[in-house]
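**Student:** Quick one: the structure is below, and I'll ask about it shortly.
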Amino acid sequence: MGRSLDLFAAASPDGAWTVAEVTRRARAVIEAGLTGLWVRGEISGFKAYDSGHWYFTLRDRAAQLRCVMWASDNKRLAARPDEGVQVFAFGLPTVWEERGELRLTVRELLASDAGGPWRLQFERARAALERDGLLDPARKRPIPPYPRRIVVVTSRDGAALHDIVAVATRRWPMAELLVLPTVVQGQAAEPSLIAALAVIDRLKRVDVVIVGRGGGSKEDLQAFNSERVARAVAAAPVPVISAVGHETDVTLCDLVADIRAATPSAAAEAATPDVEAVRAHLARLARGLARGLRTPTVRVGERLARVTDRLVGEMDLRLERGDARVRAAGTRLDALSPLRVLGRGYAVPRDAAGRVLRRVAQFAPGSAFRLRVVDGDVRAKVEDGA
Amino acid sequence: MTGTPGAGGAGFAQDLERLEAIVEALEAQDLDLDQALALFEEGVERLRAARERLTTAEARVRQILADQAGNLRVEDLER
């Protein structure tokens, strides 16, 4: 650019500029006169090239403005803007010399309405997940109450890992924590998270997975809004607790996970029982055990006492009855006693051998016999020739 | 650490579940003394085992690293 701007120089064909001189000059004027500015317009003719650069037109009713957004700038955005949406673009007006075209080099792109194109992209992915049944509440699996193995998918160096380890090991020292270190932001985050989630299939006896990272900007959380990552979470063979960012950021990962925790610490709490509460539960069970045995023991004891009472009662009764019978028998015996009969004046004759003589024929004339009276024997003799 | 990592946890959950079932059976059912005694003895044993596992438990934190070929390696995580 050897020539200085001379408004009169082009007044005749002799001093004609080259095309390149004009566009170069125009570019210098535009760039000097219009510094960075915000432009509002509608996206039109959007095209993303393999290089990653975006080309589109911003338009309103009266005019249009060609735009470019370099890959280095647009990679920070969650998604491509949709055709026809209203946006705010911050950019530097310039002239594309090769085409002699006024152009805006866009550095930042925001949705002008609430949510905007990125929200749209999120909603689209969400709808796809829903269509495949991945958001169905019936899919949510319960977390095992006493986990033995907890897999943690997060950055090796983040505060999230520190918090999860601190909370989980304090609450539940029975567990083994297996950390799968991953990249959690930037371009590498999506493939890294997907690869880590795939490793879980190869681990044995895993009870629960925590996947997440600490809070960050919307761009920082982008990988957790990736539909592919969300599908990898949904495909995990064991329950997944998602912990991404803060309370207000709900990601696609959160939606497909079995439990959504607001923070990594909360995720560790959701994954583990509190060891003190478990000890208290054991103490309650110990009391229940003792009480449980006492009941049948007491029952058996009472039954034994009842049986004993009945036994003793029965024996008493029998003894009483027996006593009366003995007395009755005694009285009857007494009445039948020959001594009583003899006492009334009867006598019993017996021969020498002691046989009772009952009939006349037994008394041979002249034979001797004995008479038993109440107080002794009397010798007697049958008279001869009676 | 009791036994292999993980196995202790599984045993704990089983002990606890069985213990809960035993206490429930003892409290709810009209058992005869022999059955009750057998359950009680088993319950005491499960309780002892569960408490021992809790007492001796020591949390372990390790990380899993995959090499280029996709082989997994587990190593203790330095905290």
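Labeling convention for the structure tokens: chains A, B, ... as they appear, residues from 1 per chain, ligands from 1 in order of appearance.
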As a VMD selection string, please: the residues near Leu221 of chain A (cut-off 8 Å, only C-alpha atoms, same-chain neighbours under 6 positions excluded).

**Tutor:** chain A and resid 184 to 185 215 244 to 245 251

**Student:** Find the residues around Asp377 of chain A up to 12 Å (only C-alpha atoms counted), leave out those fewer than 2 positions away in its own chain, and share them as a PyMOL selection string.

**Tutor:** chain A and resi 342+347-352+354+369-375+379-380

**Student:** Could you produce a table of the residues of chain A lying within 9 Å of chain B, with the nearest pair of atoms per residue and their separation in Å rounded to one decimal, using only C-alpha atoms, ordered by chain and increasing residue number, as JSON lines?

**Tutor:**
```
{"residue": "A:Pro145", "atom": "CA", "partner": "B:Ala13", "partner_atom": "CA", "distance": 8.0}
{"residue": "A:Tyr146", "atom": "CA", "partner": "B:Ala13", "partner_atom": "CA", "distance": 6.0}
{"residue": "A:Pro147", "atom": "CA", "partner": "B:Gly9", "partner_atom": "CA", "distance": 6.5}
{"residue": "A:Arg148", "atom": "CA", "partner": "B:Gly9", "partner_atom": "CA", "distance": 4.5}
{"residue": "A:Arg149", "atom": "CA", "partner": "B:Gly6", "partner_atom": "CA", "distance": 5.9}
{"residue": "A:Val152", "atom": "CA", "partner": "B:Gln63", "partner_atom": "CA", "distance": 9.0}
{"residue": "A:Arg156", "atom": "CA", "partner": "B:Gln63", "partner_atom": "CA", "distance": 8.9}
{"residue": "A:His162", "atom": "CA", "partner": "B:Arg79", "partner_atom": "CA", "distance": 8.2}
{"residue": "A:Val165", "atom": "CA", "partner": "B:Val61", "partner_atom": "CA", "distance": 7.7}
{"residue": "A:Ala168", "atom": "CA", "partner": "B:Ala59", "partner_atom": "CA", "distance": 8.7}
{"residue": "A:Thr169", "atom": "CA", "partner": "B:Ala59", "partner_atom": "CA", "distance": 5.6}
{"residue": "A:Arg170", "atom": "CA", "partner": "B:Ala59", "partner_atom": "CA", "distance": 8.3}
{"residue": "A:Trp172", "atom": "CA", "partner": "B:Ala59", "partner_atom": "CA", "distance": 7.5}
{"residue": "A:Pro173", "atom": "CA", "partner": "B:Ala59", "partner_atom": "CA", "distance": 4.2}
{"residue": "A:Met174", "atom": "CA", "partner": "B:Ala57", "partner_atom": "CA", "distance": 5.1}
{"residue": "A:Ala175", "atom": "CA", "partner": "B:Ala59", "partner_atom": "CA", "distance": 5.7}
{"residue": "A:Glu176", "atom": "CA", "partner": "B:Arg60", "partner_atom": "CA", "distance": 4.9}
{"residue": "A:Leu177", "atom": "CA", "partner": "B:Val61", "partner_atom": "CA", "distance": 4.7}
{"residue": "A:Leu178", "atom": "CA", "partner": "B:Arg62", "partner_atom": "CA", "distance": 5.0}
{"residue": "A:Val179", "atom": "CA", "partner": "B:Gln63", "partner_atom": "CA", "distance": 4.3}
{"residue": "A:Leu180", "atom": "CA", "partner": "B:Ile64", "partner_atom": "CA", "distance": 5.4}
{"residue": "A:Pro181", "atom": "CA", "partner": "B:Gln63", "partner_atom": "CA", "distance": 7.3}
{"residue": "A:Val199", "atom": "CA", "partner": "B:Leu72", "partner_atom": "CA", "distance": 8.6}
{"residue": "A:Arg205", "atom": "CA", "partner": "B:Gly6", "partner_atom": "CA", "distance": 7.4}
{"residue": "A:Val206", "atom": "CA", "partner": "B:Gly6", "partner_atom": "CA", "distance": 8.7}
{"residue": "A:Val275", "atom": "CA", "partner": "B:Leu54", "partner_atom": "CA", "distance": 8.0}
{"residue": "A:Arg279", "atom": "CA", "partner": "B:Arg51", "partner_atom": "CA", "distance": 7.8}
{"residue": "A:Leu282", "atom": "CA", "partner": "B:Leu47", "partner_atom": "CA", "distance": 7.2}
{"residue": "A:Leu285", "atom": "CA", "partner": "B:Val23", "partner_atom": "CA", "distance": 6.7}
{"residue": "A:Ala286", "atom": "CA", "partner": "B:Leu47", "partner_atom": "CA", "distance": 7.2}
{"residue": "A:Gly288", "atom": "CA", "partner": "B:Val23", "partner_atom": "CA", "distance": 5.8}
{"residue": "A:Leu289", "atom": "CA", "partner": "B:Val23", "partner_atom": "CA", "distance": 5.3}
{"residue": "A:Ala290", "atom": "CA", "partner": "B:Phe40", "partner_atom": "CA", "distance": 7.8}
{"residue": "A:Arg291", "atom": "CA", "partner": "B:Glu27", "partner_atom": "CA", "distance": 7.5}
{"residue": "A:Gly292", "atom": "CA", "partner": "B:Leu26", "partner_atom": "CA", "distance": 4.6}
{"residue": "A:Leu293", "atom": "CA", "partner": "B:Ala36", "partner_atom": "CA", "distance": 6.1}
{"residue": "A:Thr295", "atom": "CA", "partner": "B:Glu27", "partner_atom": "CA", "distance": 7.8}
{"residue": "A:Pro296", "atom": "CA", "partner": "B:Leu33", "partner_atom": "CA", "distance": 5.7}
{"residue": "A:Thr297", "atom": "CA", "partner": "B:Leu33", "partner_atom": "CA", "distance": 6.4}
{"residue": "A:Arg299", "atom": "CA", "partner": "B:Leu33", "partner_atom": "CA", "distance": 8.7}
{"residue": "A:Val300", "atom": "CA", "partner": "B:Leu33", "partner_atom": "CA", "distance": 7.0}
```

**Student:** Can you list, as an MDAnalysis selection string, every protein, DNA or RNA residue that comes within 6 Å of segment 82-88 of chain A when you count only C-alpha atoms, leaving out same-chain residues fewer than 5 positions away?

**Tutor:** chainID A and resid 39:44 109:112 117

**Student:** Pick out the residues sitting within 10 Å of Leu34 of chain A, and hand them over as a PyMOL selection string; count only C-alpha atoms, and ignore anything fewer than 6 positions along from it in its own chain.

**Tutor:** chain A and resi 92-94

**Student:** Apply DSSP to the structure's backbone, then extract all residues of chain B labelled strand (DSSP E or B) and return them as a PyMOL selection string.

**Tutor:** chain B and resi 60-66+72-76

**Student:** Residues as selected, C-alpha atoms, written as a PDB file, in the first residue's frame, can you do that?

**Tutor:**
```pdb
ATOM      1  CA  ARG B  60      -9.517 -48.529  50.242  1.00  0.00           C
ATOM      2  CA  VAL B  61      -9.134 -46.146  47.324  1.00  0.00           C
ATOM      3  CA  ARG B  62      -7.560 -47.266  44.095  1.00  0.00           C
ATOM      4  CA  GLN B  63      -7.500 -46.064  40.542  1.00  0.00           C
ATOM      5  CA  ILE B  64      -7.919 -47.958  37.327  1.00  0.00           C
ATOM      6  CA  LEU B  65      -5.689 -47.089  34.427  1.00  0.00           C
ATOM      7  CA  ALA B  66      -5.992 -48.406  30.904  1.00  0.00           C
ATOM      8  CA  LEU B  72      -6.584 -52.403  32.811  1.00  0.00           C
ATOM      9  CA  ARG B  73      -4.208 -51.829  35.681  1.00  0.00           C
ATOM     10  CA  VAL B  74      -5.274 -51.117  39.243  1.00  0.00           C
ATOM     11  CA  GLU B  75      -3.083 -49.203  41.622  1.00  0.00           C
ATOM     12  CA  ASP B  76      -3.474 -47.484  44.961  1.00  0.00           C
TER      13      ASP B  76
END
```

**Student:** Residues of chain B classed as helix (DSSP H, G or I) by DSSP on the backbone are to be reported as an NGL selection string.

**Tutor:** :B and (7-28 or 33-56)

**Student:** Need to verify the contact set: Ser265 of chain A, 10 Å, only C-alpha atoms, exclusion of same-chain residues closer than 3 positions in sequence. Can you return it as number ranges by chain?

**Tutor:** A: 160-168, 214, 243, 261-262, 268-271

**Student:** I want to know what sits within 12 Å of Ala236 of chain A, based on only C-alpha atoms, with residues of the same chain fewer than 6 positions away left out; could you give that as a list in words?

**Tutor:**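 Here the qualifying residues turn out to be Leu134, Arg139, Lys140, Arg141, Val151, Val153, Ile194, Ala195, Ala196, Leu197, Ala198, Val199, Ile200, Asp201, Arg202, Leu203, Val206, Asp207, Val208, Val209, Ile210, Val211, Val229, Ala230, Cys253, Val256, Ala257 and Asp258 of chain A.
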